[in-house]
>>> print(open('structure03.csv').read())   # CSV, C-alpha atoms
chain,number,residue,atom,x,y,z
A,1150,MET,CA,16.2,23.6,-52.3
A,1151,ASN,CA,19.8,24.7,-51.8
A,1152,LEU,CA,19.3,24.2,-48.0
A,1153,VAL,CA,18.1,20.6,-48.6
A,1154,ARG,CA,21.1,19.8,-50.8
A,1155,PHE,CA,23.4,21.4,-48.2
A,1156,GLY,CA,21.8,19.1,-45.6
A,1157,ILE,CA,22.5,16.1,-47.8
A,1158,LEU,CA,26.1,17.0,-48.3
A,1159,LEU,CA,26.8,18.2,-44.8
A,1160,SER,CA,25.3,15.0,-43.2
A,1161,ILE,CA,27.4,12.6,-45.3
A,1162,ALA,CA,30.5,14.8,-45.0
A,1163,ALA,CA,30.2,15.0,-41.2
A,1164,TRP,CA,29.7,11.2,-40.9
A,1165,LEU,CA,32.6,10.4,-43.2
A,1166,GLY,CA,34.8,13.0,-41.5
A,1167,GLY,CA,34.2,11.3,-38.2
A,1168,LEU,CA,35.0,7.9,-39.6
A,1169,ILE,CA,38.2,9.2,-41.2
A,1170,PHE,CA,39.3,11.0,-38.1
A,1171,PHE,CA,38.5,8.2,-35.6
A,1172,PRO,CA,41.5,6.0,-36.3
A,1173,PHE,CA,43.8,9.0,-35.5
A,1174,VAL,CA,42.0,9.5,-32.2
A,1175,ALA,CA,42.5,5.8,-31.4
A,1176,GLN,CA,46.1,5.7,-32.4
A,1177,ILE,CA,47.0,8.9,-30.5
A,1178,SER,CA,45.1,7.6,-27.4
A,1179,PHE,CA,47.1,4.4,-27.3
A,1180,SER,CA,50.4,6.2,-27.9
A,1181,VAL,CA,49.9,9.1,-25.4
A,1182,LEU,CA,47.8,7.8,-22.5
A,1183,PRO,CA,49.6,6.0,-19.6
A,1184,SER,CA,47.8,2.7,-20.0
A,1185,PRO,CA,46.0,0.7,-22.7
A,1186,HIS,CA,43.0,0.5,-20.4
A,1187,LEU,CA,42.6,4.3,-20.3
A,1188,ALA,CA,43.2,4.5,-24.0
A,1189,GLY,CA,40.5,1.9,-24.6
A,1190,LEU,CA,38.0,3.9,-22.6
A,1191,VAL,CA,38.7,7.0,-24.6
A,1192,VAL,CA,38.4,5.1,-27.8
A,1193,ARG,CA,35.2,3.4,-26.6
A,1194,ASN,CA,33.6,6.7,-25.7
A,1195,SER,CA,34.7,8.4,-28.9
A,1196,LEU,CA,33.3,5.5,-30.9
A,1197,ILE,CA,29.9,5.8,-29.1
A,1198,ALA,CA,29.9,9.5,-29.9
A,1199,LEU,CA,30.8,8.8,-33.5
A,1200,HIS,CA,27.9,6.2,-33.8
A,1201,TRP,CA,25.3,8.7,-32.4
A,1202,MET,CA,26.6,11.3,-34.8
A,1203,GLY,CA,26.5,8.9,-37.7
A,1204,MET,CA,23.0,7.7,-36.9
A,1205,GLY,CA,21.8,11.4,-36.7
A,1206,ALA,CA,23.6,12.2,-39.9
A,1207,GLY,CA,22.1,9.2,-41.6
A,1208,VAL,CA,18.6,10.2,-40.7
A,1209,VAL,CA,19.2,13.8,-41.8
A,1210,PHE,CA,20.7,12.5,-45.1
A,1211,LEU,CA,17.7,10.3,-45.8
A,1212,ALA,CA,15.2,13.0,-44.9
A,1213,CYS,CA,16.9,15.7,-47.0
A,1214,SER,CA,17.5,13.3,-49.9
A,1215,VAL,CA,13.8,12.1,-50.0
A,1216,VAL,CA,12.7,15.8,-49.9
A,1217,GLU,CA,15.2,16.7,-52.7
A,1218,ASN,CA,13.9,13.8,-54.8
A,1219,ARG,CA,10.3,15.0,-54.3
A,1220,PHE,CA,11.2,18.5,-55.5
A,1221,THR,CA,13.4,17.3,-58.4
A,1222,HIS,CA,11.4,14.4,-59.7
A,1223,GLY,CA,7.9,15.0,-58.3
A,1224,TYR,CA,7.7,11.9,-56.1
A,1225,PHE,CA,9.1,10.5,-52.8
A,1226,SER,CA,11.5,7.6,-53.3
A,1227,LEU,CA,12.8,6.1,-50.1
A,1228,PHE,CA,14.1,2.9,-51.7
A,1229,ARG,CA,16.6,4.3,-54.1
A,1230,PRO,CA,20.0,2.5,-54.2
A,1231,ILE,CA,21.7,5.4,-52.5
A,1232,HIS,CA,19.1,5.3,-49.7
A,1233,LEU,CA,19.6,1.5,-49.4
A,1234,LEU,CA,23.3,2.1,-48.9
A,1235,VAL,CA,22.6,4.6,-46.1
A,1236,PHE,CA,20.2,2.1,-44.5
A,1237,ILE,CA,23.0,-0.5,-44.5
A,1238,MET,CA,25.4,2.0,-43.0
A,1239,LEU,CA,22.8,2.8,-40.3
A,1240,ALA,CA,22.2,-0.9,-39.6
A,1241,LEU,CA,25.9,-1.7,-39.3
A,1242,THR,CA,26.4,1.3,-37.0
A,1243,ALA,CA,23.5,0.1,-34.9
A,1244,VAL,CA,25.0,-3.4,-34.7
A,1245,SER,CA,28.3,-2.0,-33.5
A,1246,GLN,CA,26.6,0.4,-31.1
A,1247,PHE,CA,24.0,-1.9,-29.5
A,1248,ARG,CA,25.6,-5.4,-29.9
A,1249,VAL,CA,29.4,-5.2,-30.3
A,1250,ILE,CA,30.2,-2.5,-27.8
A,1251,PRO,CA,27.9,-3.8,-25.0
A,1252,HIS,CA,29.4,-7.2,-25.4
A,1253,MET,CA,33.0,-5.8,-25.2
A,1254,ASP,CA,31.9,-3.7,-22.2
A,1255,ALA,CA,30.6,-6.9,-20.5
A,1256,LEU,CA,34.0,-8.6,-21.1
A,1257,ARG,CA,35.8,-5.6,-19.8
A,1258,ALA,CA,33.6,-5.6,-16.7
A,1259,THR,CA,34.4,-9.3,-16.2
A,1260,ALA,CA,38.1,-9.2,-16.8
A,1261,GLY,CA,39.1,-5.7,-15.9
A,1262,ASP,CA,42.1,-4.5,-17.9
A,1263,ILE,CA,42.0,-6.6,-21.1
A,1264,ALA,CA,45.6,-5.8,-21.9
A,1265,GLN,CA,46.7,-7.6,-18.7
A,1266,LEU,CA,45.2,-10.9,-19.8
A,1267,SER,CA,47.2,-13.5,-21.6
A,1268,THR,CA,46.8,-13.6,-25.3
A,1269,THR,CA,45.5,-17.1,-25.0
A,1270,ASP,CA,42.9,-16.3,-22.3
A,1271,PRO,CA,39.4,-17.1,-23.6
A,1272,VAL,CA,38.1,-13.6,-22.5
A,1273,ARG,CA,40.9,-11.9,-24.3
A,1274,LEU,CA,40.4,-14.0,-27.4
A,1275,GLN,CA,36.7,-13.1,-27.4
A,1276,PHE,CA,37.4,-9.4,-26.9
A,1277,ASP,CA,40.0,-9.4,-29.7
A,1278,SER,CA,37.5,-11.1,-32.0
A,1279,LEU,CA,34.9,-8.5,-31.2
A,1280,HIS,CA,37.5,-5.8,-31.8
A,1281,VAL,CA,38.2,-7.2,-35.3
A,1282,TRP,CA,34.5,-7.2,-36.1
A,1283,SER,CA,34.2,-3.7,-34.8
A,1284,THR,CA,37.0,-2.6,-37.1
A,1285,ARG,CA,35.5,-4.4,-40.1
A,1286,ILE,CA,32.1,-2.8,-39.4
A,1287,GLU,CA,33.6,0.7,-39.2
A,1288,GLY,CA,35.7,0.1,-42.4
A,1289,THR,CA,32.6,-1.1,-44.3
A,1290,VAL,CA,30.6,1.9,-43.2
A,1291,LEU,CA,33.4,4.1,-44.4
A,1292,VAL,CA,33.6,2.5,-47.8
A,1293,LEU,CA,29.8,2.6,-48.2
A,1294,GLY,CA,29.9,6.2,-47.1
A,1295,LEU,CA,32.4,7.1,-49.8
A,1296,ILE,CA,30.3,5.4,-52.4
A,1297,VAL,CA,27.2,7.4,-51.1
A,1298,LEU,CA,29.2,10.6,-51.3
A,1299,TYR,CA,30.3,9.9,-54.9
A,1300,LEU,CA,26.8,8.9,-56.0
A,1301,THR,CA,25.4,12.0,-54.2
A,1302,THR,CA,27.7,14.4,-55.9
A,1303,ARG,CA,27.0,12.9,-59.3
A,1304,ARG,CA,23.2,13.1,-58.6
A,1305,LEU,CA,23.3,16.7,-57.3
A,1306,ALA,CA,25.6,17.8,-60.2
A,1307,GLY,CA,23.2,16.2,-62.6
A,1308,SER,CA,20.2,18.0,-61.2
A,1309,HIS,CA,21.9,21.4,-62.0
A,1310,ARG,CA,22.1,20.8,-65.7
>>> encode(input="structure03.csv", output="structure tokens")
Amino acid sequence: MNLVRFGILLSIAAWLGGLIFFPFVAQISFSVLPSPHLAGLVVRNSLIALHWMGMGAGVVFLACSVVENRFTHGYFSLFRPIHLLVFIMLALTAVSQFRVIPHMDALRATAGDIAQLSTTDPVRLQFDSLHVWSTRIEGTVLVLGLIVLYLTTRRLAGSHR
């Protein structure tokens, strides 16, 4: 049982740790690398890695949490509120991974270095809009993850009483 609880906490902690660390990677990339284009590529690849890590962590969290629920309460419960929050986190991560990033990649392939475009260029405006959505999605996943962590620690602390 302790191993299952460890899996729950490790998975959400790893996902949140990546989400918290990612903005630092982005900021350092743009301040250290010689061009915004190179920094954008590093950030893009880091975000893709973060998404895969998050999706894996979400699956591990759900699996361990459902098993823990079975041992603690005697039944499987996939649709607990905490699980629904993780499903939303997974869905948002998937939207960013499979919709937003590919669309940004297509714009980058069309225009080349986005930073070289005028701020009024339609491609630049579309890219910037997608960037705003990407940032909102990651921020939402982070907030939901913090709520999940809080609810998880309360739940696991309550099961030890």
>>> atom_distance(input="structure03.csv", atom1="CA of Phe1276 in chain A", atom2="CA of Val1192 in chain A")
14.6 Å
>>> residues_around(input="structure03.csv", residues="Leu1199 in chain A", least_positions_apart="3", cutoff="12 Å", atoms="all atoms listed in the file", output="PDB file with C-alpha atoms, in the frame of the given file")
ATOM      1  CA  ALA A1163      30.200  15.000 -41.200  1.00  0.00           C
ATOM      2  CA  TRP A1164      29.700  11.200 -40.900  1.00  0.00           C
ATOM      3  CA  LEU A1165      32.600  10.400 -43.200  1.00  0.00           C
ATOM      4  CA  GLY A1166      34.800  13.000 -41.500  1.00  0.00           C
ATOM      5  CA  GLY A1167      34.200  11.300 -38.200  1.00  0.00           C
ATOM      6  CA  LEU A1168      35.000   7.900 -39.600  1.00  0.00           C
ATOM      7  CA  ILE A1169      38.200   9.200 -41.200  1.00  0.00           C
ATOM      8  CA  PHE A1170      39.300  11.000 -38.100  1.00  0.00           C
ATOM      9  CA  PHE A1171      38.500   8.200 -35.600  1.00  0.00           C
ATOM     10  CA  PRO A1172      41.500   6.000 -36.300  1.00  0.00           C
ATOM     11  CA  VAL A1174      42.000   9.500 -32.200  1.00  0.00           C
ATOM     12  CA  VAL A1192      38.400   5.100 -27.800  1.00  0.00           C
ATOM     13  CA  ARG A1193      35.200   3.400 -26.600  1.00  0.00           C
ATOM     14  CA  ASN A1194      33.600   6.700 -25.700  1.00  0.00           C
ATOM     15  CA  SER A1195      34.700   8.400 -28.900  1.00  0.00           C
ATOM     16  CA  LEU A1196      33.300   5.500 -30.900  1.00  0.00           C
ATOM     17  CA  MET A1202      26.600  11.300 -34.800  1.00  0.00           C
ATOM     18  CA  GLY A1203      26.500   8.900 -37.700  1.00  0.00           C
ATOM     19  CA  MET A1204      23.000   7.700 -36.900  1.00  0.00           C
ATOM     20  CA  GLY A1205      21.800  11.400 -36.700  1.00  0.00           C
ATOM     21  CA  ALA A1206      23.600  12.200 -39.900  1.00  0.00           C
ATOM     22  CA  GLY A1207      22.100   9.200 -41.600  1.00  0.00           C
ATOM     23  CA  THR A1242      26.400   1.300 -37.000  1.00  0.00           C
ATOM     24  CA  ALA A1243      23.500   0.100 -34.900  1.00  0.00           C
ATOM     25  CA  SER A1245      28.300  -2.000 -33.500  1.00  0.00           C
ATOM     26  CA  GLN A1246      26.600   0.400 -31.100  1.00  0.00           C
ATOM     27  CA  GLU A1287      33.600   0.700 -39.200  1.00  0.00           C
ATOM     28  CA  VAL A1290      30.600   1.900 -43.200  1.00  0.00           C
TER      29      VAL A1290
END
>>> closest_residue(input="structure03.csv", among="A:Leu1241, A:Ala1306, A:Leu1266, A:Ala1260", to="Ile1286 in chain A", atoms="all atoms listed in the file")
A:Leu1241
>>> atom_distance(input="structure03.csv", atom1="CA of Ala1175 in chain A", atom2="CA of Tyr1299 in chain A")
26.8 Å
>>> atom_distance(input="structure03.csv", atom1="CA of Phe1225 in chain A", atom2="CA of Val1209 in chain A")
15.3 Å
>>> closest_residue(input="structure03.csv", among="A:Gly1288, A:Leu1152, A:Asp1270, A:Gly1261", to="Pro1185 in chain A", atoms="all atoms listed in the file")
A:Gly1261
>>> closest_residue(input="structure03.csv", among="A:Ile1250, A:Leu1293, A:Met1238, A:Cys1213", to="Gly1156 in chain A", atoms="only C-alpha atoms")
A:Cys1213
>>> closest_residue(input="structure03.csv", among="A:Ala1264, A:His1200, A:Arg1229, A:Ala1258", to="His1186 in chain A", atoms="all atoms listed in the file")
A:Ala1264
>>> residues_around(input="structure03.csv", residues="Ile1157 in chain A", least_positions_apart="4", cutoff="12 Å", atoms="all atoms listed in the file", output="count of residues only")
31
>>> closest_residue(input="structure03.csv", among="A:Ser1178, A:Leu1158, A:Phe1247, A:Pro1271", to="Arg1303 in chain A", atoms="only C-alpha atoms")
A:Leu1158
>>> closest_residue(input="structure03.csv", among="A:Phe1236, A:Arg1248, A:Phe1179, A:Leu1227", to="Ser1283 in chain A", atoms="all atoms listed in the file")
A:Arg1248
>>> residues_around(input="structure03.csv", residues="Ile1263 in chain A", least_positions_apart="4", cutoff="12 Å", atoms="only C-alpha atoms", output="ChimeraX atom specification")
/A:1184-1190,1253-1259,1267-1277,1280
>>> build_atoms(input="structure03.csv", residues="range 1181-1195 of chain A", atoms="N, CA, C and O atoms", output="PDB file, in the frame of the given file")
ATOM      1  N   VAL A1181      49.653   8.008 -26.318  1.00  0.00           N
ATOM      2  CA  VAL A1181      49.900   9.100 -25.400  1.00  0.00           C
ATOM      3  C   VAL A1181      49.428   8.769 -23.957  1.00  0.00           C
ATOM      4  O   VAL A1181      50.094   9.140 -22.992  1.00  0.00           O
ATOM      5  N   LEU A1182      48.310   8.100 -23.823  1.00  0.00           N
ATOM      6  CA  LEU A1182      47.800   7.800 -22.500  1.00  0.00           C
ATOM      7  C   LEU A1182      48.641   6.800 -21.744  1.00  0.00           C
ATOM      8  O   LEU A1182      49.273   5.946 -22.377  1.00  0.00           O
ATOM      9  N   PRO A1183      48.644   6.858 -20.423  1.00  0.00           N
ATOM     10  CA  PRO A1183      49.600   6.000 -19.600  1.00  0.00           C
ATOM     11  C   PRO A1183      49.264   4.529 -19.639  1.00  0.00           C
ATOM     12  O   PRO A1183      50.141   3.742 -19.316  1.00  0.00           O
ATOM     13  N   SER A1184      48.045   4.136 -19.985  1.00  0.00           N
ATOM     14  CA  SER A1184      47.800   2.700 -20.000  1.00  0.00           C
ATOM     15  C   SER A1184      46.816   2.354 -21.134  1.00  0.00           C
ATOM     16  O   SER A1184      45.981   3.179 -21.542  1.00  0.00           O
ATOM     17  N   PRO A1185      46.939   1.125 -21.646  1.00  0.00           N
ATOM     18  CA  PRO A1185      46.000   0.700 -22.700  1.00  0.00           C
ATOM     19  C   PRO A1185      44.560   0.695 -22.218  1.00  0.00           C
ATOM     20  O   PRO A1185      43.652   0.937 -23.013  1.00  0.00           O
ATOM     21  N   HIS A1186      44.340   0.471 -20.934  1.00  0.00           N
ATOM     22  CA  HIS A1186      43.000   0.500 -20.400  1.00  0.00           C
ATOM     23  C   HIS A1186      42.348   1.861 -20.535  1.00  0.00           C
ATOM     24  O   HIS A1186      41.201   1.988 -20.992  1.00  0.00           O
ATOM     25  N   LEU A1187      43.083   2.902 -20.159  1.00  0.00           N
ATOM     26  CA  LEU A1187      42.600   4.300 -20.300  1.00  0.00           C
ATOM     27  C   LEU A1187      42.356   4.634 -21.765  1.00  0.00           C
ATOM     28  O   LEU A1187      41.345   5.246 -22.124  1.00  0.00           O
ATOM     29  N   ALA A1188      43.317   4.247 -22.605  1.00  0.00           N
ATOM     30  CA  ALA A1188      43.200   4.500 -24.000  1.00  0.00           C
ATOM     31  C   ALA A1188      41.940   3.822 -24.591  1.00  0.00           C
ATOM     32  O   ALA A1188      41.187   4.400 -25.384  1.00  0.00           O
ATOM     33  N   GLY A1189      41.712   2.589 -24.169  1.00  0.00           N
ATOM     34  CA  GLY A1189      40.500   1.900 -24.600  1.00  0.00           C
ATOM     35  C   GLY A1189      39.242   2.544 -24.209  1.00  0.00           C
ATOM     36  O   GLY A1189      38.272   2.566 -24.972  1.00  0.00           O
ATOM     37  N   LEU A1190      39.225   3.126 -23.009  1.00  0.00           N
ATOM     38  CA  LEU A1190      38.000   3.900 -22.600  1.00  0.00           C
ATOM     39  C   LEU A1190      37.796   5.111 -23.405  1.00  0.00           C
ATOM     40  O   LEU A1190      36.654   5.430 -23.757  1.00  0.00           O
ATOM     41  N   VAL A1191      38.865   5.827 -23.736  1.00  0.00           N
ATOM     42  CA  VAL A1191      38.700   7.000 -24.600  1.00  0.00           C
ATOM     43  C   VAL A1191      38.232   6.605 -25.965  1.00  0.00           C
ATOM     44  O   VAL A1191      37.315   7.230 -26.521  1.00  0.00           O
ATOM     45  N   VAL A1192      38.800   5.551 -26.524  1.00  0.00           N
ATOM     46  CA  VAL A1192      38.400   5.100 -27.800  1.00  0.00           C
ATOM     47  C   VAL A1192      36.936   4.616 -27.813  1.00  0.00           C
ATOM     48  O   VAL A1192      36.149   4.935 -28.709  1.00  0.00           O
ATOM     49  N   ARG A1193      36.564   3.872 -26.780  1.00  0.00           N
ATOM     50  CA  ARG A1193      35.200   3.400 -26.600  1.00  0.00           C
ATOM     51  C   ARG A1193      34.207   4.572 -26.629  1.00  0.00           C
ATOM     52  O   ARG A1193      33.221   4.586 -27.347  1.00  0.00           O
ATOM     53  N   ASN A1194      34.481   5.567 -25.788  1.00  0.00           N
ATOM     54  CA  ASN A1194      33.600   6.700 -25.700  1.00  0.00           C
ATOM     55  C   ASN A1194      33.556   7.544 -26.976  1.00  0.00           C
ATOM     56  O   ASN A1194      32.505   8.060 -27.362  1.00  0.00           O
ATOM     57  N   SER A1195      34.692   7.645 -27.640  1.00  0.00           N
ATOM     58  CA  SER A1195      34.700   8.400 -28.900  1.00  0.00           C
ATOM     59  C   SER A1195      33.927   7.608 -29.972  1.00  0.00           C
ATOM     60  O   SER A1195      33.213   8.223 -30.779  1.00  0.00           O
TER      61      SER A1195
END
